file upload_14.cif (mmCIF, C-alpha atoms)
data_entry
loop_
_atom_site.label_atom_id
_atom_site.label_comp_id
_atom_site.auth_asym_id
_atom_site.auth_seq_id
_atom_site.Cartn_x
_atom_site.Cartn_y
_atom_site.Cartn_z
CA MET N 1 -16.03 33.03 4.10
CA ASN N 2 -15.35 30.29 6.63
CA THR N 3 -17.80 29.97 9.47
CA PRO N 4 -17.00 28.54 12.91
CA GLY N 5 -17.59 24.82 13.22
CA THR N 6 -17.34 24.14 9.48
CA ASP N 7 -15.00 21.21 8.67
CA PHE N 8 -12.76 21.51 5.62
CA PRO N 9 -10.45 18.81 4.31
CA ARG N 10 -6.95 19.20 5.56
CA PRO N 11 -4.12 19.07 3.07
CA HIS N 12 -2.34 15.73 3.21
CA GLY N 13 1.07 17.32 3.44
CA PRO N 14 3.69 18.97 1.30
CA LYS N 15 4.65 17.75 -2.15
CA SER N 16 8.02 16.19 -2.66
CA PRO N 17 10.31 17.90 -5.19
CA VAL N 18 11.07 16.53 -8.65
CA THR N 19 14.16 14.36 -8.30
CA LEU N 20 16.53 12.81 -10.81
CA ARG N 21 18.08 9.58 -9.53
CA MET N 22 20.94 7.66 -11.12
CA VAL N 23 20.57 3.89 -10.67
CA THR N 24 23.50 2.33 -8.84
CA ALA N 25 24.96 -1.14 -9.39
CA ASP N 26 23.28 -2.37 -6.18
CA GLU N 27 19.87 -1.18 -7.39
CA ALA N 28 20.14 -2.56 -10.93
CA GLY N 29 17.94 -5.47 -11.98
CA GLN N 30 14.85 -4.68 -9.93
CA ARG N 31 11.49 -3.68 -11.35
CA ILE N 32 10.77 0.02 -11.56
CA ASP N 33 7.60 -0.34 -9.45
CA ASN N 34 9.57 -1.92 -6.60
CA PHE N 35 12.21 0.81 -6.90
CA LEU N 36 9.47 3.46 -6.59
CA MET N 37 7.86 1.72 -3.59
CA ARG N 38 11.11 1.97 -1.69
CA HIS N 39 11.53 5.64 -2.62
CA PHE N 40 7.91 6.70 -1.96
CA LYS N 41 7.48 4.75 1.27
CA THR N 42 4.34 6.57 2.44
CA VAL N 43 2.63 6.79 -0.97
CA PRO N 44 -0.17 4.27 -1.63
CA ARG N 45 0.75 1.55 -4.09
CA SER N 46 -2.18 2.46 -6.35
CA ARG N 47 -0.80 5.99 -6.62
CA VAL N 48 2.63 4.67 -7.65
CA TYR N 49 1.08 2.66 -10.49
CA ARG N 50 -0.93 5.69 -11.56
CA LEU N 51 2.31 7.70 -11.79
CA LEU N 52 3.68 5.02 -14.12
CA ARG N 53 0.53 4.81 -16.26
CA LYS N 54 0.42 8.57 -16.70
CA GLY N 55 4.08 8.72 -17.69
CA GLU N 56 5.04 10.95 -14.78
CA VAL N 57 7.91 8.59 -14.02
CA ARG N 58 10.54 8.62 -16.76
CA VAL N 59 13.61 6.47 -17.26
CA ASN N 60 16.20 8.07 -19.53
CA ARG N 61 13.43 10.54 -20.49
CA LYS N 62 11.13 7.77 -21.72
CA ARG N 63 7.94 6.25 -20.36
CA VAL N 64 8.21 2.71 -18.96
CA ASP N 65 5.72 0.16 -17.65
CA ALA N 66 5.71 -1.33 -14.17
CA GLU N 67 7.68 -4.41 -15.23
CA TYR N 68 10.66 -2.50 -16.63
CA ARG N 69 13.88 -3.55 -14.90
CA ILE N 70 16.19 -0.66 -14.16
CA GLN N 71 19.84 -0.85 -15.20
CA GLU N 72 22.97 0.64 -13.72
CA GLY N 73 23.35 4.20 -15.01
CA ASP N 74 19.63 4.68 -15.81
CA GLU N 75 18.39 8.17 -15.00
CA VAL N 76 15.03 7.98 -13.22
CA ARG N 77 12.79 11.03 -12.97
CA LEU N 78 10.85 10.91 -9.70
CA PRO N 79 7.83 13.22 -9.99
CA PRO N 80 6.43 15.39 -7.19
CA VAL N 81 3.92 13.56 -5.01
CA ARG N 82 1.81 14.60 -2.04
CA ILE N 83 3.26 13.07 1.12
CA ASP N 84 0.75 12.08 3.77
CA THR N 85 2.76 12.06 6.98
CA SER N 86 -0.06 10.28 8.81
CA ASP N 87 0.66 7.17 6.71
CA GLU N 88 4.01 6.84 8.44
CA LEU N 89 2.19 5.96 11.66
CA ARG N 90 0.09 3.18 10.12
CA GLN N 91 1.27 -0.35 10.77
CA PRO N 92 -0.10 -3.84 10.06
CA SER N 93 -1.99 -5.37 12.96
CA THR N 94 -0.12 -7.60 15.37
CA SER N 95 -2.47 -10.45 14.46
CA LEU N 96 -1.57 -10.18 10.75
CA SER N 97 2.16 -10.10 11.49
CA GLU N 98 1.87 -13.14 13.78
CA PHE N 99 -0.26 -14.94 11.17
CA ILE N 100 2.41 -14.44 8.49
CA GLU N 101 5.25 -15.37 10.85
CA ARG N 102 3.50 -18.69 11.51
CA ALA N 103 3.41 -19.25 7.74
CA VAL N 104 7.23 -19.19 7.45
CA ILE N 105 8.27 -22.71 6.40
CA PHE N 106 11.99 -22.08 5.82
CA GLN N 107 14.55 -19.45 6.73
CA ASP N 108 18.29 -18.99 6.68
CA LYS N 109 20.42 -15.83 6.69
CA HIS N 110 19.60 -15.11 3.05
CA LEU N 111 16.04 -16.24 2.41
CA LEU N 112 12.56 -16.73 3.83
CA VAL N 113 9.98 -19.07 2.31
CA ILE N 114 6.38 -18.33 3.21
CA ASP N 115 3.49 -20.75 2.72
CA LYS N 116 1.28 -17.83 1.73
CA PRO N 117 -2.33 -18.24 2.79
CA ALA N 118 -5.01 -17.59 0.18
CA GLY N 119 -6.82 -14.28 0.65
CA VAL N 120 -3.71 -12.40 1.76
CA ALA N 121 -2.02 -10.14 -0.81
CA VAL N 122 1.76 -10.22 -1.13
CA HIS N 123 1.77 -6.42 -0.71
CA GLY N 124 -0.62 -3.62 0.15
CA GLY N 125 -2.81 -2.03 -2.52
CA SER N 126 -5.95 -2.92 -4.49
CA GLY N 127 -8.18 -2.43 -1.47
CA MET N 128 -5.79 -3.93 1.09
CA SER N 129 -3.66 -1.67 3.24
CA PHE N 130 -1.10 -4.33 4.10
CA GLY N 131 0.11 -7.64 2.74
CA VAL N 132 2.75 -10.27 3.44
CA ILE N 133 5.76 -8.03 2.93
CA GLU N 134 4.44 -5.20 5.14
CA ALA N 135 3.55 -7.69 7.88
CA LEU N 136 7.04 -9.20 7.77
CA ARG N 137 8.72 -5.80 7.84
CA ALA N 138 6.65 -4.87 10.87
CA SER N 139 7.65 -8.02 12.76
CA ARG N 140 11.30 -7.80 11.61
CA PRO N 141 12.00 -4.03 11.62
CA ARG N 142 15.79 -4.41 11.55
CA GLU N 143 15.85 -6.56 8.41
CA THR N 144 15.93 -5.57 4.74
CA LEU N 145 13.16 -7.71 3.25
CA GLU N 146 12.13 -7.77 -0.42
CA LEU N 147 9.76 -9.95 -2.44
CA VAL N 148 11.62 -12.19 -4.88
CA HIS N 149 8.45 -12.84 -6.89
CA ARG N 150 4.68 -12.49 -6.47
CA LEU N 151 1.57 -14.59 -6.13
CA ASP N 152 -2.01 -13.54 -6.78
CA ARG N 153 -4.04 -12.78 -3.68
CA ASP N 154 -6.18 -15.92 -4.15
CA THR N 155 -3.16 -18.18 -4.76
CA SER N 156 -1.62 -20.08 -1.84
CA GLY N 157 1.81 -21.64 -1.47
CA CYS N 158 5.54 -20.97 -1.76
CA LEU N 159 6.55 -17.31 -1.74
CA LEU N 160 10.22 -16.29 -1.57
CA VAL N 161 11.41 -13.23 0.38
CA ALA N 162 15.05 -12.12 0.21
CA ARG N 163 16.72 -10.99 3.44
CA ASP N 164 19.43 -8.93 1.74
CA ARG N 165 19.95 -7.01 -1.47
CA ALA N 166 22.59 -9.38 -2.88
CA THR N 167 20.22 -12.36 -2.58
CA LEU N 168 17.41 -10.43 -4.26
CA THR N 169 19.65 -9.44 -7.19
CA ALA N 170 21.01 -12.98 -7.60
CA LEU N 171 17.57 -14.62 -7.55
CA HIS N 172 16.10 -12.06 -9.95
CA ALA N 173 18.93 -12.86 -12.38
CA LEU N 174 18.17 -16.56 -11.91
CA ILE N 175 14.50 -15.99 -12.75
CA ARG N 176 15.36 -13.97 -15.87
CA ASN N 177 17.68 -16.74 -17.09
CA GLY N 178 15.19 -19.53 -16.49
CA GLY N 179 17.06 -21.04 -13.56
CA MET N 180 14.19 -21.07 -11.06
CA HIS N 181 11.64 -23.87 -11.32
CA LYS N 182 8.20 -23.15 -9.89
CA THR N 183 5.52 -25.85 -9.87
CA TYR N 184 1.83 -25.25 -9.21
CA LEU N 185 -1.21 -27.45 -8.65
CA ALA N 186 -4.31 -26.28 -10.51
CA LEU N 187 -7.79 -27.71 -10.96
CA VAL N 188 -9.11 -27.01 -14.45
CA ALA N 189 -12.57 -27.39 -15.92
CA GLY N 190 -13.37 -30.49 -17.96
CA SER N 191 -11.45 -33.65 -18.81
CA TRP N 192 -8.01 -32.64 -20.10
CA GLN N 193 -7.22 -34.80 -23.14
CA LEU N 194 -4.14 -32.91 -24.37
CA GLY N 195 -1.53 -34.93 -22.47
CA THR N 196 1.50 -32.97 -21.30
CA LYS N 197 0.98 -29.68 -23.09
CA ARG N 198 3.37 -26.76 -23.51
CA VAL N 199 1.42 -23.54 -23.96
CA ASP N 200 3.69 -20.98 -25.61
CA ALA N 201 1.49 -17.90 -26.01
CA PRO N 202 2.70 -14.30 -25.52
CA LEU N 203 0.77 -12.24 -22.98
CA ALA N 204 -0.11 -8.56 -22.93
CA THR N 205 -0.18 -7.58 -19.26
CA ASP N 206 -0.86 -3.83 -19.53
CA ASN N 207 -4.59 -3.95 -20.32
CA ARG N 208 -7.20 -2.48 -17.98
CA GLN N 209 -10.90 -3.26 -17.80
CA HIS N 210 -13.03 -1.26 -15.36
CA GLY N 211 -9.82 -0.18 -13.64
CA GLU N 212 -8.55 -3.75 -13.14
CA ARG N 213 -5.67 -5.50 -14.86
CA HIS N 214 -6.85 -7.92 -17.55
CA VAL N 215 -4.18 -10.06 -19.22
CA ARG N 216 -4.74 -11.50 -22.68
CA VAL N 217 -2.93 -13.55 -25.30
CA ALA N 218 -1.53 -11.18 -27.93
CA ALA N 219 1.08 -11.56 -30.66
CA ALA N 220 2.78 -8.38 -29.48
CA GLY N 221 2.81 -9.52 -25.84
CA LYS N 222 5.69 -10.80 -23.75
CA ASP N 223 7.01 -14.34 -24.22
CA SER N 224 5.16 -16.65 -21.83
CA VAL N 225 5.41 -20.41 -21.42
CA SER N 226 3.43 -22.79 -19.20
CA VAL N 227 3.72 -26.59 -19.20
CA PHE N 228 0.56 -28.45 -18.12
CA LYS N 229 0.65 -32.08 -17.01
CA PRO N 230 -2.50 -33.96 -15.92
CA VAL N 231 -2.23 -35.60 -12.50
CA GLN N 232 -5.74 -36.85 -11.73
CA PHE N 233 -9.01 -36.95 -13.64
CA PHE N 234 -12.43 -36.35 -12.10
CA GLY N 235 -14.64 -37.55 -14.92
CA PRO N 236 -15.96 -34.83 -17.23
CA LEU N 237 -16.04 -32.33 -14.37
CA ALA N 238 -12.40 -31.46 -13.72
CA THR N 239 -8.73 -32.41 -14.01
CA LEU N 240 -6.01 -31.81 -11.43
CA MET N 241 -2.93 -30.42 -13.22
CA GLU N 242 0.71 -29.90 -12.36
CA VAL N 243 1.92 -26.70 -14.00
CA ASP N 244 5.52 -25.57 -14.50
CA ILE N 245 6.17 -21.98 -15.52
CA PRO N 246 9.56 -21.19 -17.09
CA THR N 247 8.31 -17.59 -17.30
CA GLY N 248 6.33 -15.73 -14.64
CA ARG N 249 3.92 -13.22 -16.15
CA THR N 250 0.97 -11.72 -14.30
CA HIS N 251 -2.00 -14.16 -14.28
CA GLN N 252 -0.02 -16.43 -16.62
CA ILE N 253 -1.38 -19.84 -15.57
CA ARG N 254 -4.94 -18.55 -15.41
CA VAL N 255 -4.82 -17.04 -18.91
CA HIS N 256 -2.96 -19.96 -20.49
CA ALA N 257 -5.39 -22.48 -18.99
CA SER N 258 -8.32 -20.54 -20.41
CA PHE N 259 -6.50 -20.25 -23.76
CA ALA N 260 -6.13 -24.06 -23.82
CA GLY N 261 -9.90 -24.42 -23.34
CA HIS N 262 -9.73 -25.59 -19.72
CA PRO N 263 -10.00 -22.54 -17.42
CA LEU N 264 -9.08 -22.77 -13.75
CA LEU N 265 -12.03 -23.61 -11.57
CA GLY N 266 -13.02 -20.86 -9.16
CA ASP N 267 -11.40 -18.17 -11.33
CA ASP N 268 -13.93 -15.33 -11.54
CA LYS N 269 -11.92 -13.32 -14.10
CA TYR N 270 -10.83 -15.80 -16.77
CA GLY N 271 -12.94 -18.80 -15.79
CA ASP N 272 -16.31 -20.32 -16.67
CA ARG N 273 -19.18 -18.88 -14.64
CA ASP N 274 -21.39 -21.97 -14.85
CA ARG N 275 -18.58 -24.37 -13.94
CA ASN N 276 -17.57 -22.12 -11.04
CA ALA N 277 -21.14 -22.13 -9.73
CA GLU N 278 -21.19 -25.92 -9.93
CA MET N 279 -17.89 -26.16 -8.02
CA LYS N 280 -19.17 -23.91 -5.24
CA ALA N 281 -21.57 -26.70 -4.38
CA HIS N 282 -18.50 -28.86 -3.78
CA GLY N 283 -16.94 -26.28 -1.45
CA LEU N 284 -14.63 -24.36 -3.82
CA LYS N 285 -14.62 -20.75 -2.65
CA ARG N 286 -11.61 -19.37 -4.53
CA THR N 287 -9.39 -20.00 -7.53
CA PHE N 288 -7.93 -23.50 -7.29
CA LEU N 289 -4.25 -22.60 -7.70
CA HIS N 290 -1.46 -23.51 -5.30
CA ALA N 291 2.27 -22.82 -5.59
CA GLN N 292 3.41 -26.30 -4.63
CA SER N 293 7.19 -26.00 -4.87
CA VAL N 294 10.18 -23.93 -5.92
CA ALA N 295 13.65 -25.23 -6.79
CA PHE N 296 16.91 -23.76 -8.02
CA GLU N 297 20.68 -23.93 -7.65
CA TRP N 298 22.25 -21.14 -5.64
CA PRO N 299 24.20 -18.82 -7.95
CA GLY N 300 27.92 -19.18 -7.41
CA SER N 301 27.95 -22.32 -5.26
CA GLY N 302 25.57 -24.47 -7.30
CA VAL N 303 24.07 -25.86 -4.08
CA PRO N 304 20.54 -27.12 -4.82
CA PHE N 305 17.59 -25.54 -3.01
CA HIS N 306 14.06 -26.92 -2.81
CA ALA N 307 11.01 -25.92 -0.80
CA SER N 308 7.45 -27.20 -0.95
CA ALA N 309 4.11 -26.40 0.63
CA PRO N 310 1.32 -28.97 1.09
CA LEU N 311 -2.05 -28.46 -0.55
CA PRO N 312 -4.24 -26.41 1.85
CA SER N 313 -6.96 -28.36 3.64
CA GLU N 314 -9.78 -26.40 1.98
CA LEU N 315 -8.54 -27.41 -1.49
CA ALA N 316 -7.88 -31.00 -0.44
CA ALA N 317 -11.48 -31.12 0.80
CA VAL N 318 -12.70 -30.06 -2.66
CA LEU N 319 -10.79 -32.95 -4.26
CA ASP N 320 -12.30 -35.34 -1.71
CA ALA N 321 -15.76 -33.99 -2.52
CA ILE N 322 -15.43 -34.58 -6.27
CA THR N 323 -13.58 -37.91 -6.06
CA PRO N 324 -16.85 -39.86 -6.55
CA MET N 325 -17.06 -38.18 -9.96
CA LYS N 326 -14.04 -40.21 -10.97
CA ARG N 327 -15.60 -43.42 -9.71
CA THR N 328 -18.87 -42.90 -11.56
CA ALA N 329 -17.19 -42.42 -14.92
CA LYS N 330 -18.65 -44.89 -17.39
CA ARG N 331 -16.53 -47.93 -18.02
CA PRO N 332 -17.02 -50.49 -20.78
CA LYS N 333 -18.93 -53.54 -19.53
CA PRO N 334 -17.05 -56.84 -19.70
CA ARG N 335 -18.19 -58.95 -22.61
CA ARG N 336 -19.86 -62.22 -21.73
CA PRO N 337 -18.64 -65.32 -23.55
CA ALA N 338 -20.96 -66.32 -26.36
CA ARG N 339 -23.16 -69.33 -25.72
CA ARG N 340 -22.56 -72.35 -27.84
#
call {"tool": "encode", "arguments": {"input": "upload_14.cif", "output": "structure tokens"}}
result
Amino acid sequence: MNTPGTDFPRPHGPKSPVTLRMVTADEAGQRIDNFLMRHFKTVPRSRVYRLLRKGEVRVNRKRVDAEYRIQEGDEVRLPPVRIDTSDELRQPSTSLSEFIERAVIFQDKHLLVIDKPAGVAVHGGSGMSFGVIEALRASRPRETLELVHRLDRDTSGCLLVARDRATLTALHALIRNGGMHKTYLALVAGSWQLGTKRVDAPLATDNRQHGERHVRVAAAGKDSVSVFKPVQFFGPLATLMEVDIPTGRTHQIRVHASFAGHPLLGDDKYGDRDRNAEMKAHGLKRTFLHAQSVAFEWPGSGVPFHASAPLPSELAAVLDAITPMKRTAKRPKPRRPARR
């Protein structure tokens, strides 16, 4: 029996009905998780991924993972979900939206390029209510904005956002066909002595440890290729690398670097704890990974496109701090002429 003054949890709202959706030509090519985000606009991102993991979302009556790309004519089962109408009123703060707007380094009628700051997620979820895309949508409410690709929360640099559906579809096709070239700067542990190294190791991206995604090299994983090229050596401590990724799997560079025996410095998931502790003394407070540039030719016209973002000051300061390591590397002493 309820007594006056007793607080009981209020229901979050009604459940949506089960819906069967046929994928249209305009929707084809996008990932199923992005498709669901647009359909369940007020449902937390974590809940959407849980629906996928549990198999409540079906495509052509089969379970799919979050990276499945829907095709024209696919039948998608959208399960019932509890709709919290209060979520519709939540918006990113004005300061976040202004912060992200200041990070725009290129825009035309089709595309935005953001120099994404480290520490900001590309989308809400995983403990963050809002990310880059939500902030942009709040500041540009009349635009149709979609992420072309993703960056880890700790990673800074070039992030592409499409301003229309046709651009999104065209750039996704370009990525699938290997036509988009993304280059990163990464600081790895130790002195890299492998020269320019192509790491071709398939990755399994659907593993969970303690509720978090943990990617690993696995024969049954998805094809993944990273090309590492040393740029600058800092004695036995570290090597600055330029990394090209023909494929773009979750955590790809971080896992491939670790697989090659030179994990990224500052990486608390796949890195070396002792090396990370040592680098903290030199000012490194996050994973040293920066999306330096992106280049491609526009589908149809063939017009080249290139955008780049400078290394953030906090990472440049780390390189300055460890530069003496390079100078103190032992060099062979010049031989004195023999006395006669």
call {"tool": "atom_distance", "arguments": {"input": "upload_14.cif", "atom1": "CA of Thr144 in chain N", "atom2": "CA of Thr167 in chain N"}}
result
10.9 Å
call {"tool": "closest_atom_pairs", "arguments": {"input": "upload_14.cif", "of": "range 47-109 of chain N", "to": "range 132-140 of chain N", "cutoff": "7 Å", "atoms": "all atoms listed in the file", "output": "JSON lines"}}
result
{"residue": "N:Pro92", "atom": "CA", "partner": "N:Ala135", "partner_atom": "CA", "distance": 5.7}
{"residue": "N:Leu96", "atom": "CA", "partner": "N:Ala135", "partner_atom": "CA", "distance": 6.4}
{"residue": "N:Ser97", "atom": "CA", "partner": "N:Ala135", "partner_atom": "CA", "distance": 4.6}
{"residue": "N:Ile100", "atom": "CA", "partner": "N:Val132", "partner_atom": "CA", "distance": 6.6}
call {"tool": "closest_atom_pairs", "arguments": {"input": "upload_14.cif", "of": "range 229-337 of chain N", "to": "range 178-198 of chain N", "cutoff": "6 Å", "atoms": "all atoms listed in the file", "output": "JSON lines"}}
result
{"residue": "N:Lys229", "atom": "CA", "partner": "N:Thr196", "partner_atom": "CA", "distance": 4.5}
{"residue": "N:Pro236", "atom": "CA", "partner": "N:Ser191", "partner_atom": "CA", "distance": 4.9}
{"residue": "N:Leu237", "atom": "CA", "partner": "N:Gly190", "partner_atom": "CA", "distance": 4.8}
{"residue": "N:Ala238", "atom": "CA", "partner": "N:Gly190", "partner_atom": "CA", "distance": 4.5}
{"residue": "N:Thr239", "atom": "CA", "partner": "N:Val188", "partner_atom": "CA", "distance": 5.4}
{"residue": "N:Leu240", "atom": "CA", "partner": "N:Leu187", "partner_atom": "CA", "distance": 4.5}
{"residue": "N:Met241", "atom": "CA", "partner": "N:Ala186", "partner_atom": "CA", "distance": 5.1}
{"residue": "N:Glu242", "atom": "CA", "partner": "N:Leu185", "partner_atom": "CA", "distance": 4.8}
{"residue": "N:Val243", "atom": "CA", "partner": "N:Tyr184", "partner_atom": "CA", "distance": 5.0}
{"residue": "N:Asp244", "atom": "CA", "partner": "N:Thr183", "partner_atom": "CA", "distance": 4.6}
{"residue": "N:Pro246", "atom": "CA", "partner": "N:Gly178", "partner_atom": "CA", "distance": 5.9}
{"residue": "N:His262", "atom": "CA", "partner": "N:Ala189", "partner_atom": "CA", "distance": 5.1}
{"residue": "N:Pro263", "atom": "CA", "partner": "N:Val188", "partner_atom": "CA", "distance": 5.4}
{"residue": "N:Leu264", "atom": "CA", "partner": "N:Val188", "partner_atom": "CA", "distance": 4.3}
{"residue": "N:Leu265", "atom": "CA", "partner": "N:Val188", "partner_atom": "CA", "distance": 5.3}
{"residue": "N:Phe288", "atom": "CA", "partner": "N:Ala186", "partner_atom": "CA", "distance": 5.6}
{"residue": "N:Leu289", "atom": "CA", "partner": "N:Ala186", "partner_atom": "CA", "distance": 4.6}
{"residue": "N:His290", "atom": "CA", "partner": "N:Leu185", "partner_atom": "CA", "distance": 5.2}
{"residue": "N:Ala291", "atom": "CA", "partner": "N:Tyr184", "partner_atom": "CA", "distance": 4.4}
{"residue": "N:Gln292", "atom": "CA", "partner": "N:Tyr184", "partner_atom": "CA", "distance": 5.0}
{"residue": "N:Ser293", "atom": "CA", "partner": "N:Thr183", "partner_atom": "CA", "distance": 5.3}
{"residue": "N:Val294", "atom": "CA", "partner": "N:Lys182", "partner_atom": "CA", "distance": 4.5}
{"residue": "N:Ala295", "atom": "CA", "partner": "N:His181", "partner_atom": "CA", "distance": 5.1}
{"residue": "N:Phe296", "atom": "CA", "partner": "N:Met180", "partner_atom": "CA", "distance": 4.9}
call {"tool": "atom_distance", "arguments": {"input": "upload_14.cif", "atom1": "CA of His214 in chain N", "atom2": "CA of Ile175 in chain N"}}
result
23.3 Å
call {"tool": "atom_distance", "arguments": {"input": "upload_14.cif", "atom1": "CA of Val199 in chain N", "atom2": "CA of Asp223 in chain N"}}
result
10.8 Å
call {"tool": "closest_residue", "arguments": {"input": "upload_14.cif", "among": "N:Val48, N:Val217, N:Leu284, N:Leu203", "to": "Asp154 in chain N", "atoms": "all atoms listed in the file"}}
result
N:Leu284
call {"tool": "closest_residue", "arguments": {"input": "upload_14.cif", "among": "N:Ala201, N:Ile253, N:Leu112, N:Val23", "to": "Val76 in chain N", "atoms": "only C-alpha atoms"}}
result
N:Val23
call {"tool": "closest_residue", "arguments": {"input": "upload_14.cif", "among": "N:Ser258, N:Thr250, N:Thr287, N:Ser46", "to": "Glu314 in chain N", "atoms": "all atoms listed in the file"}}
result
N:Thr287
